[in-house]
Amino acid sequence: MKLAYLLQEIESVIIEKNISEDIEISGMTINSSKVKQGFMFICLVGTKTDGHKYIGEALKNGAAVLLAEQRPKDTALPYILVKNTRIAEAKLWMKWYDNPVGGIKIIGVTGTNGKTSVAYMIHQILSDAGYKTALFGTIKYIIDDIEEEAGLTTSDPEDMAKLFREAKDKGIEYAVMEISSHSLELDKTAGLGIINTGVFTNLTQDHLDFHGNMTNYRNAKAKLFQMSETGVLNADDMATIDIVKTSSSDNYFYGVKNKTGDFCAENIKYNGVDGIEYYFYSKNNGEKPFKINSRIPGEPYIYNTLAAAAVCRLLGIDGNIIAEAVEKVKVRGRIEKLDTGTAYSVFIDYAHTPDALGNVLQSVRSFTNGRIITVFGCGGDRDKTKRPVMGKIAYENSDFCVVTSDNSRTEKPADIIDDIVKGIPESGGNYEIIIDRKQAIKYAIDIAEAGDVILLAGKGHEEYMIENGEIKPFKEREIVFEHIRNNM
């Protein structure tokens with residue numbers, strides 16, 4: 001591919017170049033060890049390392065040109081200097097795959113909790129309305145009739161461009177994406193251009209190991225609404241006030257407590273384990289309310305369904321189609337009840353933040369007559385300040401806790417657990433520490449009695465465990481069913 005063709009997308013951010021645009025580029029990479037003859041080596045400034053340090057290796061491996069933020073010491077080297085290699089990389093990959101986002105309407109969902117559920121619901125509604133729709137999220141990628149497991153909440157620029165190329169080739173009309181604060185802060189989404197609709201679910205403590213503080217975290221989320229034509233935001237979340245101050249989108253608001261927004265829920269009923277129901281009201285003149293039922297229980301799903309319905313009403317989709325689609329949706333690892341056939345119940349949920357854990361425990365409490373036995377841990381190499389907070393929340397909202405491991409990564413599980421139990425009163429009982437998560441799950445099953453609910457929190461849809469820097473298979477569902485079968 002001609003260099004001149006690639007540079008069409010980044011002309012506005014080029015500072016200088018000392019190379020002919022007529023040369024052929026055979027590939028691109030940010031990894032110097034993967035450079036081949038004729039490649040462009042992109043000197044990405046990362047959170048852990050700086051690609052400029054590997055220019056020598058890249059040239060040795062055959063790089064034809066360097067894309068850099070810093071002028072090489074040897075200015076005879078073939079280079080292109082830009083202000084931000086991250087933005088340039090994102091745009092270059094879209095250009096490499098022949099601008100596949102063109103013609104696809106993109107709906108991006110951001111927020112601490114609820115992204116996956118909202119994205120799944122919007123995808124289901126659009127599909128039921130007859131649109132060819134793709135879903136790019138935490139659990140999986142769905143492009144028309146093709147599904148595959150996802151790796152990241154928001155893909156890296158190269159993979160994102162590939163996904164959109166596949167979507168374009170399949171005739172996709174709408175792409176629904178989960179968009180993380182990391183991807184926004186690191187400009188992974190710069191190649192998308194202006195997107196159709198941005199959705200904000202909520203902001204609670206998470207990822208402070210990366211963002212440093214809640215203000216930075218909120219500001220990263222706000223970037224979505226600086227690149228969206230339309231914004232749909234949670235009126236009950238205080239972060240919305242600050243997010244809209246910097247937005248360039250045409251904003252609409254939904255709420256449960258705040259009834260002054262554009263969309264709200266009325267006559268809410270909680271049907272225990274069977275889910276929720278309410279009437280969806282719009283402030284548009286003459287628009288009749290319609291009833292929404294969801295098989296997923298708990299107040300968070302009032303917000304999630306409300307957000308999805310609001311987006312789709314703004315897109316002109318009929319209320320009956322929205323209601324029927326929402327009722328179908330059941331998201332793997334989100335307050336998911338396992339069919340154990342036992343006198344006690346077992347639920348799996350992805351809750352791995354203080355707010356999410358508190359919400360799911362309150363939801364479970366609303367339909368539990370017996371005890372709540374919570375099995376949970378906290379991730380390693382992540383925000384340490386939330387560990388004692390989650391310990392406190394689990395202790396105060398459960399009848400018994402089993403504190404265990406959850407993706408310890410490069411940290412020692414025992415050290416993480418020590419941080420968690422700091423949130424439990426010294427005089428507190430009713431908890432057990434079992435580092436091995438498999439054994440912790442078995443222990444919870446062994447002590448469960450009729451009417452109890454076991455909540456396995458933190459893993460959700462994940463079927464792996466990251467320990468000592470290695471990813472190993474770990475399927476909670478299989479562990480549960482196997483242990484129950486062995487003890488019947």
# chains A, B, ... in the order shown; residues from 1 in each chain; ligands from 1
call {"tool": "select_by_dssp", "arguments": {"residues": "region 31-84 of chain A", "states": "strand (DSSP E or B)", "output": "list in words"}}
result
Phe39, Met40, Phe41, Ile42, Val45, Asp50, Val65, Leu66, Leu67, Ala68, Tyr79, Ile80, Leu81 and Val82 of chain A
call {"tool": "write_last_selection", "arguments": {"atoms": "C-alpha atoms", "output": "mmCIF file, in the first residue's frame"}}
result
data_model
loop_
_atom_site.group_PDB
_atom_site.id
_atom_site.type_symbol
_atom_site.label_atom_id
_atom_site.label_comp_id
_atom_site.auth_asym_id
_atom_site.auth_seq_id
_atom_site.Cartn_x
_atom_site.Cartn_y
_atom_site.Cartn_z
ATOM 1 C CA PHE A 39 6.929 -2.343 7.393
ATOM 2 C CA MET A 40 6.029 0.895 9.123
ATOM 3 C CA PHE A 41 7.132 0.762 12.752
ATOM 4 C CA ILE A 42 4.849 2.832 14.978
ATOM 5 C CA VAL A 45 4.295 5.667 23.793
ATOM 6 C CA ASP A 50 8.173 3.588 24.914
ATOM 7 C CA VAL A 65 9.662 4.065 7.838
ATOM 8 C CA LEU A 66 9.270 5.116 11.470
ATOM 9 C CA LEU A 67 6.143 6.838 12.771
ATOM 10 C CA ALA A 68 7.315 8.716 15.842
ATOM 11 C CA TYR A 79 10.697 8.972 9.670
ATOM 12 C CA ILE A 80 7.317 10.683 9.943
ATOM 13 C CA LEU A 81 6.880 12.903 12.989
ATOM 14 C CA VAL A 82 3.395 13.294 14.498
#
call {"tool": "select_by_dssp", "arguments": {"residues": "region 12-191 of chain A", "states": "helix (DSSP H, G or I)", "output": "PyMOL selection string"}}
result
chain A and resi 12-13+32-34+51-60+85-96+115-128+157-169+181-185+190-191
call {"tool": "closest_residue", "arguments": {"among": "A:Ile146, A:Ile441, A:Ile125, A:Met177", "to": "Asp318 (chain A)", "atoms": "only C-alpha atoms"}}
result
A:Ile125
call {"tool": "residues_around", "arguments": {"residues": "Asn304 (chain A)", "least_positions_apart": "6", "cutoff": "8 Å", "atoms": "only C-alpha atoms", "output": "number ranges by chain"}}
result
A: 114, 117-118, 201
call {"tool": "residues_around", "arguments": {"residues": "Gly380 (chain A)", "least_positions_apart": "4", "cutoff": "8 Å", "atoms": "only C-alpha atoms", "output": "PyMOL selection string"}}
result
chain A and resi 406-413+416
call {"tool": "closest_residue", "arguments": {"among": "A:Asp159, A:Glu166, A:Asp446, A:Asp415", "to": "Glu147 (chain A)", "atoms": "only C-alpha atoms"}}
result
A:Glu166
call {"tool": "residues_around", "arguments": {"residues": "Ile321 (chain A)", "least_positions_apart": "2", "cutoff": "7 Å", "atoms": "only C-alpha atoms", "output": "PyMOL selection string"}}
result
chain A and resi 125+128-129+318-319+323-325
call {"tool": "residues_around", "arguments": {"residues": "Ser127 (chain A)", "least_positions_apart": "2", "cutoff": "12 Å", "atoms": "only C-alpha atoms", "output": "mmCIF file with N, CA and C atoms, in the first residue's frame"}}
result
data_model
loop_
_atom_site.group_PDB
_atom_site.id
_atom_site.type_symbol
_atom_site.label_atom_id
_atom_site.label_comp_id
_atom_site.auth_asym_id
_atom_site.auth_seq_id
_atom_site.Cartn_x
_atom_site.Cartn_y
_atom_site.Cartn_z
ATOM 1 N N TYR A 120 -25.882 -5.459 24.932
ATOM 2 C CA TYR A 120 -26.610 -6.656 24.501
ATOM 3 C C TYR A 120 -28.068 -6.322 24.184
ATOM 4 N N MET A 121 -28.679 -5.504 25.042
ATOM 5 C CA MET A 121 -30.086 -5.168 24.832
ATOM 6 C C MET A 121 -30.282 -4.344 23.568
ATOM 7 N N ILE A 122 -29.414 -3.346 23.365
ATOM 8 C CA ILE A 122 -29.528 -2.532 22.151
ATOM 9 C C ILE A 122 -29.341 -3.402 20.907
ATOM 10 N N HIS A 123 -28.368 -4.305 20.971
ATOM 11 C CA HIS A 123 -28.129 -5.220 19.851
ATOM 12 C C HIS A 123 -29.360 -6.070 19.559
ATOM 13 N N GLN A 124 -29.982 -6.585 20.613
ATOM 14 C CA GLN A 124 -31.166 -7.428 20.431
ATOM 15 C C GLN A 124 -32.326 -6.626 19.834
ATOM 16 N N ILE A 125 -32.525 -5.404 20.345
ATOM 17 C CA ILE A 125 -33.631 -4.569 19.846
ATOM 18 C C ILE A 125 -33.436 -4.237 18.366
ATOM 19 N N ALA A 129 -35.640 -5.388 15.179
ATOM 20 C CA ALA A 129 -36.267 -4.355 14.342
ATOM 21 C C ALA A 129 -35.916 -4.525 12.865
ATOM 22 N N GLY A 130 -35.076 -5.535 12.582
ATOM 23 C CA GLY A 130 -34.760 -5.842 11.194
ATOM 24 C C GLY A 130 -33.457 -5.281 10.676
ATOM 25 N N TYR A 131 -32.658 -4.675 11.551
ATOM 26 C CA TYR A 131 -31.375 -4.126 11.119
ATOM 27 C C TYR A 131 -30.264 -5.170 11.246
ATOM 28 N N LYS A 132 -29.346 -5.165 10.292
ATOM 29 C CA LYS A 132 -28.171 -6.022 10.397
ATOM 30 C C LYS A 132 -27.225 -5.348 11.380
ATOM 31 N N THR A 133 -26.981 -6.035 12.509
ATOM 32 C CA THR A 133 -26.324 -5.390 13.645
ATOM 33 C C THR A 133 -25.146 -6.209 14.148
ATOM 34 N N ALA A 134 -24.072 -5.511 14.502
ATOM 35 C CA ALA A 134 -22.897 -6.139 15.103
ATOM 36 C C ALA A 134 -22.795 -5.709 16.558
ATOM 37 N N LEU A 135 -22.160 -6.561 17.366
ATOM 38 C CA LEU A 135 -21.910 -6.262 18.775
ATOM 39 C C LEU A 135 -20.436 -6.505 19.065
ATOM 40 N N ILE A 142 -20.148 -10.200 17.890
ATOM 41 C CA ILE A 142 -21.194 -10.777 17.048
ATOM 42 C C ILE A 142 -21.292 -9.928 15.790
ATOM 43 N N ILE A 143 -21.061 -10.540 14.638
ATOM 44 C CA ILE A 143 -21.209 -9.846 13.361
ATOM 45 C C ILE A 143 -22.197 -10.642 12.529
ATOM 46 N N ASP A 144 -23.448 -10.154 12.509
ATOM 47 C CA ASP A 144 -24.531 -10.858 11.827
ATOM 48 C C ASP A 144 -24.678 -12.246 12.451
ATOM 49 N N ASP A 145 -24.336 -13.315 11.728
ATOM 50 C CA ASP A 145 -24.513 -14.668 12.250
ATOM 51 C C ASP A 145 -23.205 -15.290 12.758
ATOM 52 N N ILE A 172 -23.348 -4.807 7.559
ATOM 53 C CA ILE A 172 -23.841 -4.353 8.864
ATOM 54 C C ILE A 172 -24.258 -2.884 8.795
ATOM 55 N N GLU A 173 -25.424 -2.596 9.389
ATOM 56 C CA GLU A 173 -25.946 -1.228 9.417
ATOM 57 C C GLU A 173 -25.635 -0.521 10.736
ATOM 58 N N TYR A 174 -25.692 -1.273 11.855
ATOM 59 C CA TYR A 174 -25.407 -0.719 13.177
ATOM 60 C C TYR A 174 -24.329 -1.562 13.871
ATOM 61 N N ALA A 175 -23.406 -0.891 14.533
ATOM 62 C CA ALA A 175 -22.435 -1.578 15.382
ATOM 63 C C ALA A 175 -22.582 -1.026 16.798
ATOM 64 N N VAL A 176 -22.858 -1.918 17.744
ATOM 65 C CA VAL A 176 -22.995 -1.532 19.147
ATOM 66 C C VAL A 176 -21.700 -1.924 19.856
ATOM 67 N N CYS A 312 -33.025 3.323 21.605
ATOM 68 C CA CYS A 312 -33.766 2.772 20.462
ATOM 69 C C CYS A 312 -35.024 3.569 20.128
ATOM 70 N N ILE A 317 -37.459 3.258 16.845
ATOM 71 C CA ILE A 317 -37.943 1.882 16.926
ATOM 72 C C ILE A 317 -39.197 1.819 17.796
ATOM 73 N N ILE A 321 -41.625 -3.485 19.809
ATOM 74 C CA ILE A 321 -40.411 -4.226 19.428
ATOM 75 C C ILE A 321 -39.388 -4.151 20.553
ATOM 76 N N ILE A 322 -39.235 -2.961 21.150
ATOM 77 C CA ILE A 322 -38.292 -2.786 22.262
ATOM 78 C C ILE A 322 -38.664 -3.696 23.424
ATOM 79 N N GLU A 324 -40.512 -6.451 23.574
ATOM 80 C CA GLU A 324 -40.365 -7.886 23.278
ATOM 81 C C GLU A 324 -38.895 -8.293 23.251
ATOM 82 N N ALA A 325 -38.043 -7.417 22.724
ATOM 83 C CA ALA A 325 -36.618 -7.738 22.648
ATOM 84 C C ALA A 325 -35.981 -7.765 24.032
ATOM 85 N N VAL A 326 -36.294 -6.772 24.858
ATOM 86 C CA VAL A 326 -35.717 -6.690 26.210
ATOM 87 C C VAL A 326 -36.070 -7.920 27.030
#
call {"tool": "closest_residue", "arguments": {"among": "A:Ser405, A:Thr374, A:Asn320, A:Thr368", "to": "Asp452 (chain A)", "atoms": "only C-alpha atoms"}}
result
A:Thr368
call {"tool": "closest_residue", "arguments": {"among": "A:Gly108, A:Ile241, A:Val256, A:Met214", "to": "Ser183 (chain A)", "atoms": "only C-alpha atoms"}}
result
A:Gly108
call {"tool": "residues_around", "arguments": {"residues": "Ile348 (chain A)", "least_positions_apart": "3", "cutoff": "6 Å", "atoms": "only C-alpha atoms", "output": "list in words"}}
result
Gly333, Ile335, Glu336, Leu455, Leu456 and Gly460 of chain A
call {"tool": "atom_distance", "arguments": {"atom1": "CA of Tyr395 (chain A)", "atom2": "CA of Ile424 (chain A)"}}
result
6.5 Å
call {"tool": "closest_residue", "arguments": {"among": "A:Ile435, A:Leu203, A:Ile445, A:Ile30", "to": "Arg86 (chain A)", "atoms": "only C-alpha atoms"}}
result
A:Ile30
call {"tool": "closest_residue", "arguments": {"among": "A:Ile471, A:Cys264, A:Ala414, A:Ile484", "to": "Asp339 (chain A)", "atoms": "only C-alpha atoms"}}
result
A:Ile484
call {"tool": "closest_atom_pairs", "arguments": {"of": "region 177-279 of chain A", "to": "region 291-298 of chain A", "cutoff": "7 Å", "atoms": "only C-alpha atoms", "output": "Markdown table"}}
result
| residue | atom | partner | partner_atom | distance |
| --- | --- | --- | --- | --- |
| A:Gly272 | CA | A:Pro297 | CA | 6.4 |
| A:Val273 | CA | A:Pro297 | CA | 5.9 |
| A:Asp274 | CA | A:Arg295 | CA | 5.6 |
| A:Gly275 | CA | A:Pro297 | CA | 3.8 |
| A:Ile276 | CA | A:Ser294 | CA | 5.4 |
| A:Glu277 | CA | A:Asn293 | CA | 4.4 |
| A:Tyr278 | CA | A:Ile292 | CA | 5.5 |
| A:Tyr279 | CA | A:Lys291 | CA | 4.4 |
call {"tool": "write_last_selection", "arguments": {"atoms": "N, CA and C atoms", "output": "JSON list (two decimals), in the first residue's frame"}}
result
[["chain", "number", "residue", "atom", "x", "y", "z"],
["A", 272, "GLY", "N", -38.84, -10.36, 42.33],
["A", 272, "GLY", "CA", -37.93, -11.32, 42.91],
["A", 272, "GLY", "C", -36.98, -11.91, 41.88],
["A", 273, "VAL", "N", -36.80, -13.21, 41.96],
["A", 273, "VAL", "CA", -35.88, -13.89, 41.05],
["A", 273, "VAL", "C", -36.37, -13.84, 39.60],
["A", 274, "ASP", "N", -37.64, -13.52, 39.40],
["A", 274, "ASP", "CA", -38.20, -13.51, 38.05],
["A", 274, "ASP", "C", -37.95, -12.21, 37.30],
["A", 275, "GLY", "N", -37.37, -11.21, 37.95],
["A", 275, "GLY", "CA", -36.99, -10.01, 37.23],
["A", 275, "GLY", "C", -37.71, -8.75, 37.67],
["A", 276, "ILE", "N", -37.90, -7.83, 36.72],
["A", 276, "ILE", "CA", -38.46, -6.51, 37.00],
["A", 276, "ILE", "C", -39.47, -6.15, 35.93],
["A", 277, "GLU", "N", -40.31, -5.16, 36.24],
["A", 277, "GLU", "CA", -41.22, -4.62, 35.24],
["A", 277, "GLU", "C", -41.52, -3.16, 35.58],
["A", 278, "TYR", "N", -41.81, -2.37, 34.56],
["A", 278, "TYR", "CA", -42.16, -0.96, 34.76],
["A", 278, "TYR", "C", -42.73, -0.41, 33.45],
["A", 279, "TYR", "N", -43.22, 0.83, 33.51],
["A", 279, "TYR", "CA", -43.69, 1.51, 32.31],
["A", 279, "TYR", "C", -42.65, 2.55, 31.87]]
call {"tool": "atom_distance", "arguments": {"atom1": "CA of Tyr254 (chain A)", "atom2": "CA of Val232 (chain A)"}}
result
7.3 Å
